[in-house]
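Pasted below: query-v5.txt, compact mmCIF, C-alpha atoms.
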# COMPACT_ATOMS: atom_id res chain seq x y z
CA MET X 1 -35.68 -100.01 -72.00
CA GLY X 2 -37.32 -100.16 -68.60
CA LEU X 3 -36.64 -100.35 -64.87
CA ARG X 4 -39.21 -101.80 -62.49
CA THR X 5 -39.37 -102.06 -58.72
CA ASP X 6 -41.77 -104.80 -57.67
CA SER X 7 -42.96 -104.50 -54.04
CA VAL X 8 -39.45 -103.64 -52.83
CA THR X 9 -39.23 -103.62 -49.03
CA LYS X 10 -36.30 -102.89 -46.72
CA THR X 11 -36.37 -102.70 -42.93
CA TYR X 12 -33.72 -101.89 -40.33
CA ASP X 13 -33.42 -102.52 -36.57
CA LYS X 14 -34.50 -106.16 -36.92
CA GLY X 15 -37.55 -105.24 -38.91
CA SER X 16 -38.88 -102.53 -36.60
CA HIS X 17 -38.01 -99.63 -38.88
CA PRO X 18 -39.39 -99.78 -42.45
CA ALA X 19 -37.04 -97.75 -44.66
CA LEU X 20 -38.89 -98.83 -47.81
CA TRP X 21 -42.30 -100.45 -47.88
CA HIS X 22 -43.72 -102.36 -50.88
CA PHE X 23 -42.30 -99.80 -53.31
CA THR X 24 -43.66 -100.60 -56.77
CA MET X 25 -43.02 -98.43 -59.81
CA ASP X 26 -42.17 -98.57 -63.51
CA PHE X 27 -39.50 -96.23 -64.91
CA GLU X 28 -39.24 -95.35 -68.59
CA PRO X 29 -36.80 -92.94 -70.31
CA GLY X 30 -37.04 -89.46 -68.81
CA ILE X 31 -35.99 -87.51 -65.73
CA TYR X 32 -37.53 -88.48 -62.39
CA GLY X 33 -37.20 -86.06 -59.50
CA LEU X 34 -37.18 -87.97 -56.20
CA LEU X 35 -38.44 -85.81 -53.33
CA GLY X 36 -38.85 -86.58 -49.65
CA PRO X 37 -37.65 -85.39 -46.23
CA ASN X 38 -34.62 -86.83 -44.45
CA GLY X 39 -35.34 -90.44 -43.53
CA ALA X 40 -38.03 -90.81 -46.19
CA GLY X 41 -36.27 -93.77 -47.84
CA LYS X 42 -34.66 -92.01 -50.81
CA SER X 43 -31.09 -93.19 -50.22
CA THR X 44 -32.26 -96.71 -49.38
CA LEU X 45 -34.14 -96.84 -52.68
CA LEU X 46 -31.12 -95.58 -54.63
CA ASN X 47 -28.79 -98.06 -52.95
CA ILE X 48 -31.14 -100.91 -53.85
CA LEU X 49 -31.45 -99.69 -57.46
CA THR X 50 -27.66 -99.62 -57.77
CA ALA X 51 -27.35 -103.12 -56.22
CA ASN X 52 -25.27 -101.71 -53.36
CA LEU X 53 -27.97 -102.95 -50.97
CA SER X 54 -30.27 -105.95 -51.13
CA ALA X 55 -33.98 -105.65 -50.49
CA ASP X 56 -35.57 -107.84 -47.81
CA ARG X 57 -38.48 -108.56 -50.16
CA GLY X 58 -39.43 -107.69 -53.72
CA ARG X 59 -37.44 -107.41 -56.94
CA VAL X 60 -35.72 -104.83 -59.11
CA LEU X 61 -35.90 -105.64 -62.81
CA TRP X 62 -33.99 -104.17 -65.76
CA ASN X 63 -35.68 -105.06 -69.03
CA GLY X 64 -37.44 -107.89 -67.21
CA GLU X 65 -34.32 -109.41 -65.64
CA GLU X 66 -33.49 -109.21 -61.93
CA ILE X 67 -30.51 -106.89 -61.50
CA HIS X 68 -28.59 -109.23 -59.18
CA LYS X 69 -28.81 -111.98 -61.79
CA ALA X 70 -27.83 -109.59 -64.58
CA GLY X 71 -24.60 -108.72 -62.73
CA GLN X 72 -21.99 -107.03 -64.95
CA SER X 73 -24.41 -106.44 -67.82
CA TYR X 74 -26.52 -104.28 -65.47
CA ARG X 75 -23.50 -102.44 -64.04
CA SER X 76 -22.34 -101.63 -67.56
CA ILE X 77 -25.46 -99.57 -68.29
CA LEU X 78 -25.51 -97.89 -64.87
CA GLY X 79 -24.10 -94.51 -63.85
CA TYR X 80 -24.21 -93.61 -60.17
CA MET X 81 -23.33 -90.44 -58.33
CA PRO X 82 -23.38 -91.09 -54.56
CA GLN X 83 -24.14 -88.43 -51.98
CA GLN X 84 -20.99 -89.09 -49.97
CA GLN X 85 -17.79 -87.47 -51.23
CA ASN X 86 -15.43 -90.39 -50.53
CA LEU X 87 -12.66 -89.64 -53.00
CA TYR X 88 -9.00 -90.57 -53.39
CA ASP X 89 -7.36 -87.39 -52.09
CA GLU X 90 -3.97 -88.04 -53.71
CA PHE X 91 -5.46 -88.49 -57.17
CA SER X 92 -5.83 -85.51 -59.46
CA GLY X 93 -9.21 -85.01 -61.06
CA ASP X 94 -7.82 -86.38 -64.31
CA GLU X 95 -6.33 -89.46 -62.61
CA PHE X 96 -9.60 -90.12 -60.77
CA LEU X 97 -11.58 -90.14 -64.02
CA TRP X 98 -9.03 -92.39 -65.73
CA TYR X 99 -9.25 -94.78 -62.78
CA LEU X 100 -13.04 -94.88 -62.93
CA ALA X 101 -12.96 -95.28 -66.72
CA SER X 102 -10.74 -98.32 -66.22
CA LEU X 103 -13.12 -99.81 -63.66
CA LYS X 104 -15.99 -99.26 -66.10
CA GLY X 105 -14.03 -101.13 -68.80
CA LEU X 106 -13.75 -98.24 -71.26
CA LYS X 107 -11.17 -98.58 -74.02
CA LYS X 108 -8.36 -96.01 -73.90
CA LYS X 109 -9.48 -93.99 -76.93
CA VAL X 110 -13.10 -93.88 -75.77
CA ALA X 111 -12.02 -93.03 -72.21
CA ALA X 112 -9.84 -90.12 -73.36
CA SER X 113 -12.70 -88.63 -75.39
CA LYS X 114 -15.29 -89.04 -72.61
CA ILE X 115 -12.96 -87.65 -69.92
CA ASN X 116 -12.31 -84.52 -72.00
CA GLU X 117 -16.04 -84.14 -72.65
CA MET X 118 -17.02 -84.54 -68.99
CA ILE X 119 -14.26 -82.27 -67.64
CA THR X 120 -15.57 -79.50 -69.90
CA ALA X 121 -19.22 -80.23 -69.13
CA VAL X 122 -18.71 -79.85 -65.37
CA ASN X 123 -16.42 -76.83 -65.72
CA LEU X 124 -13.27 -78.35 -64.21
CA GLU X 125 -10.73 -77.62 -66.95
CA GLU X 126 -8.58 -75.41 -64.71
CA ALA X 127 -8.64 -77.90 -61.82
CA ARG X 128 -8.20 -81.00 -63.95
CA TYR X 129 -4.66 -81.81 -62.74
CA ARG X 130 -5.11 -80.56 -59.19
CA LYS X 131 -5.24 -83.14 -56.39
CA LEU X 132 -8.72 -83.94 -55.15
CA LYS X 133 -7.78 -83.03 -51.57
CA GLY X 134 -7.54 -79.44 -52.80
CA TYR X 135 -11.01 -79.46 -54.35
CA SER X 136 -13.85 -77.52 -52.77
CA GLY X 137 -17.06 -79.33 -51.86
CA GLY X 138 -18.71 -78.08 -55.03
CA MET X 139 -15.80 -79.23 -57.20
CA LYS X 140 -16.00 -82.69 -55.64
CA GLN X 141 -19.68 -82.80 -56.51
CA ARG X 142 -18.85 -81.96 -60.11
CA ILE X 143 -16.13 -84.61 -60.46
CA LEU X 144 -18.57 -87.19 -59.07
CA ILE X 145 -21.13 -86.14 -61.69
CA ALA X 146 -18.45 -86.47 -64.38
CA GLN X 147 -17.50 -90.02 -63.34
CA ALA X 148 -21.15 -91.10 -63.33
CA MET X 149 -21.47 -90.09 -66.98
CA LEU X 150 -18.25 -91.66 -68.33
CA ASN X 151 -19.87 -94.83 -69.68
CA ASP X 152 -22.80 -92.96 -71.29
CA PRO X 153 -25.20 -94.87 -69.00
CA GLU X 154 -28.72 -95.86 -69.95
CA LEU X 155 -29.69 -95.59 -66.28
CA LEU X 156 -28.28 -92.61 -64.38
CA ILE X 157 -28.89 -92.40 -60.61
CA MET X 158 -27.86 -89.23 -58.78
CA ASP X 159 -28.08 -88.61 -55.04
CA GLU X 160 -28.11 -84.86 -54.26
CA PRO X 161 -26.00 -83.93 -57.32
CA THR X 162 -26.24 -80.17 -56.78
CA ALA X 163 -25.44 -80.10 -53.04
CA GLY X 164 -22.74 -77.52 -52.34
CA LEU X 165 -22.94 -75.86 -55.76
CA ASP X 166 -23.37 -72.12 -56.17
CA PRO X 167 -26.40 -70.83 -58.15
CA ASN X 168 -24.51 -70.58 -61.46
CA GLU X 169 -23.13 -74.10 -61.07
CA ARG X 170 -26.56 -75.46 -60.18
CA ILE X 171 -28.04 -74.03 -63.36
CA ARG X 172 -25.13 -75.32 -65.44
CA ILE X 173 -25.36 -78.83 -63.98
CA THR X 174 -29.16 -79.17 -64.17
CA ASN X 175 -29.12 -77.97 -67.78
CA PHE X 176 -26.33 -80.44 -68.52
CA ILE X 177 -28.32 -83.30 -66.94
CA SER X 178 -31.37 -82.30 -68.96
CA ARG X 179 -29.34 -82.20 -72.17
CA MET X 180 -27.70 -85.58 -71.51
CA SER X 181 -30.93 -87.31 -70.47
CA GLN X 182 -32.23 -88.05 -73.96
CA GLY X 183 -32.98 -91.76 -74.24
CA LYS X 184 -31.94 -92.41 -70.63
CA ILE X 185 -33.69 -93.07 -67.34
CA VAL X 186 -32.44 -90.43 -64.91
CA ILE X 187 -33.36 -90.57 -61.21
CA PHE X 188 -32.42 -87.32 -59.47
CA ALA X 189 -32.83 -87.30 -55.66
CA THR X 190 -32.75 -83.85 -54.10
CA HIS X 191 -34.05 -81.59 -51.34
CA VAL X 192 -33.91 -78.55 -53.64
CA ILE X 193 -37.25 -78.44 -55.43
CA SER X 194 -36.16 -75.67 -57.79
CA ASP X 195 -33.48 -77.98 -59.23
CA ILE X 196 -36.04 -80.34 -60.72
CA GLU X 197 -39.31 -78.46 -61.15
CA PHE X 198 -38.37 -77.38 -64.69
CA ILE X 199 -36.34 -80.37 -65.95
CA ALA X 200 -38.22 -83.33 -64.42
CA ASP X 201 -40.71 -85.27 -66.51
CA ARG X 202 -42.11 -86.94 -63.40
CA ILE X 203 -41.87 -86.19 -59.69
CA ILE X 204 -41.79 -89.05 -57.17
CA LEU X 205 -43.00 -88.10 -53.69
CA ILE X 206 -41.88 -90.50 -50.97
CA ASN X 207 -42.15 -90.48 -47.18
CA HIS X 208 -41.82 -93.09 -44.42
CA GLY X 209 -40.61 -95.50 -47.09
CA LYS X 210 -43.88 -95.33 -49.01
CA LEU X 211 -44.61 -94.04 -52.49
CA LEU X 212 -47.08 -91.17 -52.07
CA LYS X 213 -47.57 -89.89 -55.57
CA VAL X 214 -45.99 -89.90 -59.04
CA ALA X 215 -46.96 -87.31 -61.62
CA SER X 216 -45.61 -84.55 -63.82
CA PRO X 217 -44.90 -81.21 -62.09
CA GLU X 218 -47.93 -79.70 -63.83
CA GLU X 219 -50.22 -82.53 -62.75
CA LEU X 220 -49.04 -82.22 -59.17
CA GLN X 221 -49.65 -78.49 -59.13
CA ASN X 222 -53.09 -78.97 -60.65
CA SER X 223 -53.91 -81.56 -57.98
CA ILE X 224 -54.01 -78.84 -55.31
CA ALA X 225 -55.46 -76.05 -57.45
CA GLY X 226 -57.86 -73.95 -55.39
CA LYS X 227 -56.17 -74.85 -52.10
CA VAL X 228 -53.37 -72.24 -51.97
CA TYR X 229 -53.99 -68.74 -50.58
CA GLU X 230 -52.07 -65.61 -49.68
CA GLY X 231 -53.06 -62.93 -47.20
CA ILE X 232 -51.67 -60.18 -44.98
CA ILE X 233 -52.62 -60.80 -41.36
CA SER X 234 -51.54 -59.94 -37.81
CA LYS X 235 -48.90 -61.89 -35.91
CA ASP X 236 -51.60 -63.14 -33.54
CA ASP X 237 -53.61 -64.50 -36.46
CA THR X 238 -50.49 -66.30 -37.65
CA GLU X 239 -50.23 -68.09 -34.33
CA SER X 240 -53.92 -69.00 -34.55
CA LEU X 241 -53.27 -70.61 -37.94
CA ARG X 242 -50.46 -72.67 -36.45
CA ARG X 243 -52.69 -73.89 -33.61
CA LEU X 244 -55.35 -74.89 -36.11
CA GLY X 245 -52.77 -76.96 -38.02
CA VAL X 246 -53.03 -74.93 -41.22
CA LEU X 247 -50.11 -75.59 -43.57
CA ILE X 248 -48.03 -72.41 -43.84
CA SER X 249 -45.90 -72.40 -46.96
CA ASN X 250 -44.18 -69.02 -46.63
CA MET X 251 -44.13 -66.01 -44.31
CA HIS X 252 -42.79 -62.50 -44.81
CA TYR X 253 -42.93 -59.93 -42.00
CA VAL X 254 -43.98 -56.45 -43.14
CA GLY X 255 -43.83 -54.19 -40.09
CA ALA X 256 -46.49 -55.32 -37.62
CA ARG X 257 -48.20 -57.47 -40.25
CA VAL X 258 -47.28 -60.77 -41.86
CA LYS X 259 -47.71 -61.78 -45.49
CA VAL X 260 -48.57 -65.49 -45.36
CA ARG X 261 -48.98 -68.21 -47.96
CA ILE X 262 -51.07 -71.16 -46.79
CA ILE X 263 -52.45 -74.43 -48.12
CA SER X 264 -55.97 -75.21 -47.00
CA ASP X 265 -58.67 -77.70 -47.97
CA SER X 266 -61.29 -75.24 -46.70
CA GLN X 267 -63.52 -73.67 -49.34
CA SER X 268 -64.78 -70.91 -47.00
CA MET X 269 -61.80 -68.54 -46.82
CA THR X 270 -62.56 -64.93 -45.84
CA ASP X 271 -62.01 -61.87 -48.01
CA ASP X 272 -58.61 -61.39 -46.30
CA TRP X 273 -57.27 -64.17 -48.49
CA ARG X 274 -56.79 -64.42 -52.23
CA GLN X 275 -56.42 -67.66 -54.12
CA VAL X 276 -53.07 -68.11 -55.91
CA ASP X 277 -51.56 -70.66 -58.27
CA PRO X 278 -49.83 -73.58 -56.53
CA GLU X 279 -46.07 -73.97 -56.72
CA LEU X 280 -44.21 -77.26 -56.50
CA SER X 281 -43.06 -76.41 -52.97
CA ASP X 282 -46.74 -76.13 -51.96
CA VAL X 283 -47.39 -79.58 -53.43
CA TYR X 284 -44.45 -81.01 -51.50
CA LEU X 285 -45.77 -79.66 -48.20
CA TYR X 286 -49.30 -80.83 -48.92
CA TYR X 287 -48.44 -84.45 -49.65
CA GLU X 288 -45.54 -84.87 -47.21
CA ARG X 289 -47.45 -83.71 -44.11
Could I get this file's structure written as structure tokens?
Amino acid sequence: MGLRTDSVTKTYDKGSHPALWHFTMDFEPGIYGLLGPNGAGKSTLLNILTANLSADRGRVLWNGEEIHKAGQSYRSILGYMPQQQNLYDEFSGDEFLWYLASLKGLKKKVAASKINEMITAVNLEEARYRKLKGYSGGMKQRILIAQAMLNDPELLIMDEPTAGLDPNERIRITNFISRMSQGKIVIFATHVISDIEFIADRIILINHGKLLKVASPEELQNSIAGKVYEGIISKDDTESLRRLGVLISNMHYVGARVKVRIISDSQSMTDDWRQVDPELSDVYLYYER
């Protein structure tokens, strides 16, 4: 089982704005966390991988076959949770899942079993027969996750799956995704680094439509070892750091002083600073600058 993007390129505004630029990567079973700022090209990539959008150049291959040629056979192994919550308001949660199960071609007995399983997994038992127009934003996110999993997909693509969820729901959903990922390729696009730093096998860093780096969370953190520092300095010194273009990861004001976490390539830091272990958020800032 394998997914490959081969020099995939997509531009907008008559070619003046590259949303994705020669994106080449091989995906094998595991969880991939897709990180990048707004406008980095994440949603464009996901829409191309789901065949909702055609690339200007390049190919997407599933087990060596172009996905547009594969057609229904590719759609049958695909699960997709979009970022937008465009739902049928007059459907109940149960009706919505039955409708999607029908579109996915699931037999009635299989559909009934999977719908029950997914409703429980996303904690919507009490809201199962409530109309979707009465769902909160977080509940809509959960029903979208449930529909993406109905056909037990080999390739699961999720665009901001934890947006709008409270902390307990986030933990429940990320653990569920981790548990269900065995033997699947899961691509999990998010802005919330904490959602993927523990469950992701590989992190994909993307910006300006270009692939910056792909590695495990541990490898990424090790790649900037010795570059992250913390110190307690004056407010004036903080402004001096900004003017020098030093990457400031975190700040905490303590009276007239400021506790600051920075990322610096300099090896000549003063005694005011102590070296600390990198976190994934530090890595993100370092490579996305």
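You can rank X:Glu95, X:Glu169, X:Asp272, X:Glu219 by their closest distance to Asp237 in chain X using all atoms listed in the file, and at the top of that list sits X:Asp272.
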Which residues are close to Leu46 in chain X, i.e. within 9 Å by all atoms listed in the file, leaving aside same-chain residues fewer than 6 positions away? Reply as a PyMOL selection string. chain X and resi 52-53+82+157-159+187+189
Neighbours of Gln85 in chain X within 10 Å (only C-alpha atoms; same-chain residues fewer than 4 positions away dropped), as a list in words?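 The neighbour list is Met81, Gly137, Lys140, Gln141, Ile143 and Leu144 of chain X.
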Need the neighbours of (-34.6, -104.3, -46.5): which residues are at most 10 Å away, counting all atoms listed in the file, as JSON, numbers by chain? {"X": [8, 9, 10, 11, 12, 14, 15, 17, 18, 19, 20, 21, 44, 45, 48, 53, 54, 55, 56, 57, 58]}
For Ser102 in chain X, which residue among X:Ala51, X:Leu280, X:Ile67, X:Ile115 is the nearest when counting only C-alpha atoms? X:Ile115
Just checking: using only C-alpha atoms, which residue out of X:Leu212, X:Met139, X:Val186, X:Glu126 ends up closest to Thr24 in chain X?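 Under the stated criterion, the closest residue is X:Leu212.
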Might you pull out every residue within 9 Å of Met149 in chain X, with all atoms listed in the file counted and same-chain residues fewer than 6 positions away left off, and present them as a ChimeraX atom specification? /X:79-81,114,118,156,180
Which residue, X:Glu28, X:Asp89, X:Asp94, X:Glu230, has the smallest gap to Asn63 in chain X when you use all atoms listed in the file?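 Of the candidates, the smallest distance to Asn63 in chain X is held by X:Glu28.
Counting all atoms listed in the file, the residue from X:Glu65, X:Glu239, X:Asp271, X:Glu197 that sits nearest to Thr5 in chain X is X:Glu65.
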Quick one: pull the distance between CA of Ala215 in chain X and CA of Thr190 in chain X, Å, one decimal. 16.4 Å
With only C-alpha atoms as the atoms that count, which of X:Ser73, X:Ser281, X:Gln221, X:Asn123 lies nearest to Pro153 in chain X? X:Ser73
Using the structure just given, write a file holding N, CA and C atoms for range 169-182 of chain X, as an mmCIF file, in the first residue's frame.
data_model
loop_
_atom_site.group_PDB
_atom_site.id
_atom_site.type_symbol
_atom_site.label_atom_id
_atom_site.label_comp_id
_atom_site.auth_asym_id
_atom_site.auth_seq_id
_atom_site.Cartn_x
_atom_site.Cartn_y
_atom_site.Cartn_z
ATOM 1 N N GLU X 169 -12.467 16.310 24.443
ATOM 2 C CA GLU X 169 -12.826 15.764 23.135
ATOM 3 C C GLU X 169 -11.605 15.621 22.245
ATOM 4 N N ARG X 170 -10.697 16.585 22.327
ATOM 5 C CA ARG X 170 -9.477 16.525 21.518
ATOM 6 C C ARG X 170 -8.694 15.262 21.862
ATOM 7 N N ILE X 171 -8.540 15.010 23.140
ATOM 8 C CA ILE X 171 -7.786 13.832 23.582
ATOM 9 C C ILE X 171 -8.486 12.561 23.109
ATOM 10 N N ARG X 172 -9.808 12.526 23.276
ATOM 11 C CA ARG X 172 -10.575 11.351 22.871
ATOM 12 C C ARG X 172 -10.423 11.086 21.371
ATOM 13 N N ILE X 173 -10.545 12.151 20.570
ATOM 14 C CA ILE X 173 -10.490 11.992 19.125
ATOM 15 C C ILE X 173 -9.084 11.628 18.652
ATOM 16 N N THR X 174 -8.045 12.280 19.172
ATOM 17 C CA THR X 174 -6.689 11.951 18.725
ATOM 18 C C THR X 174 -6.313 10.530 19.126
ATOM 19 N N ASN X 175 -6.745 10.093 20.310
ATOM 20 C CA ASN X 175 -6.491 8.712 20.710
ATOM 21 C C ASN X 175 -7.242 7.738 19.807
ATOM 22 N N PHE X 176 -8.468 8.102 19.437
ATOM 23 C CA PHE X 176 -9.258 7.268 18.542
ATOM 24 C C PHE X 176 -8.586 7.163 17.172
ATOM 25 N N ILE X 177 -8.104 8.292 16.644
ATOM 26 C CA ILE X 177 -7.419 8.280 15.353
ATOM 27 C C ILE X 177 -6.175 7.408 15.421
ATOM 28 N N SER X 178 -5.434 7.528 16.513
ATOM 29 C CA SER X 178 -4.233 6.713 16.691
ATOM 30 C C SER X 178 -4.584 5.224 16.721
ATOM 31 N N ARG X 179 -5.645 4.896 17.436
ATOM 32 C CA ARG X 179 -6.057 3.492 17.566
ATOM 33 C C ARG X 179 -6.521 2.917 16.229
ATOM 34 N N MET X 180 -7.214 3.745 15.435
ATOM 35 C CA MET X 180 -7.783 3.275 14.174
ATOM 36 C C MET X 180 -6.792 3.339 13.012
ATOM 37 N N SER X 181 -5.587 3.839 13.262
ATOM 38 C CA SER X 181 -4.649 4.089 12.167
ATOM 39 C C SER X 181 -3.847 2.868 11.748
ATOM 40 N N GLN X 182 -3.960 1.765 12.489
ATOM 41 C CA GLN X 182 -3.141 0.599 12.195
ATOM 42 C C GLN X 182 -3.390 0.105 10.766
#
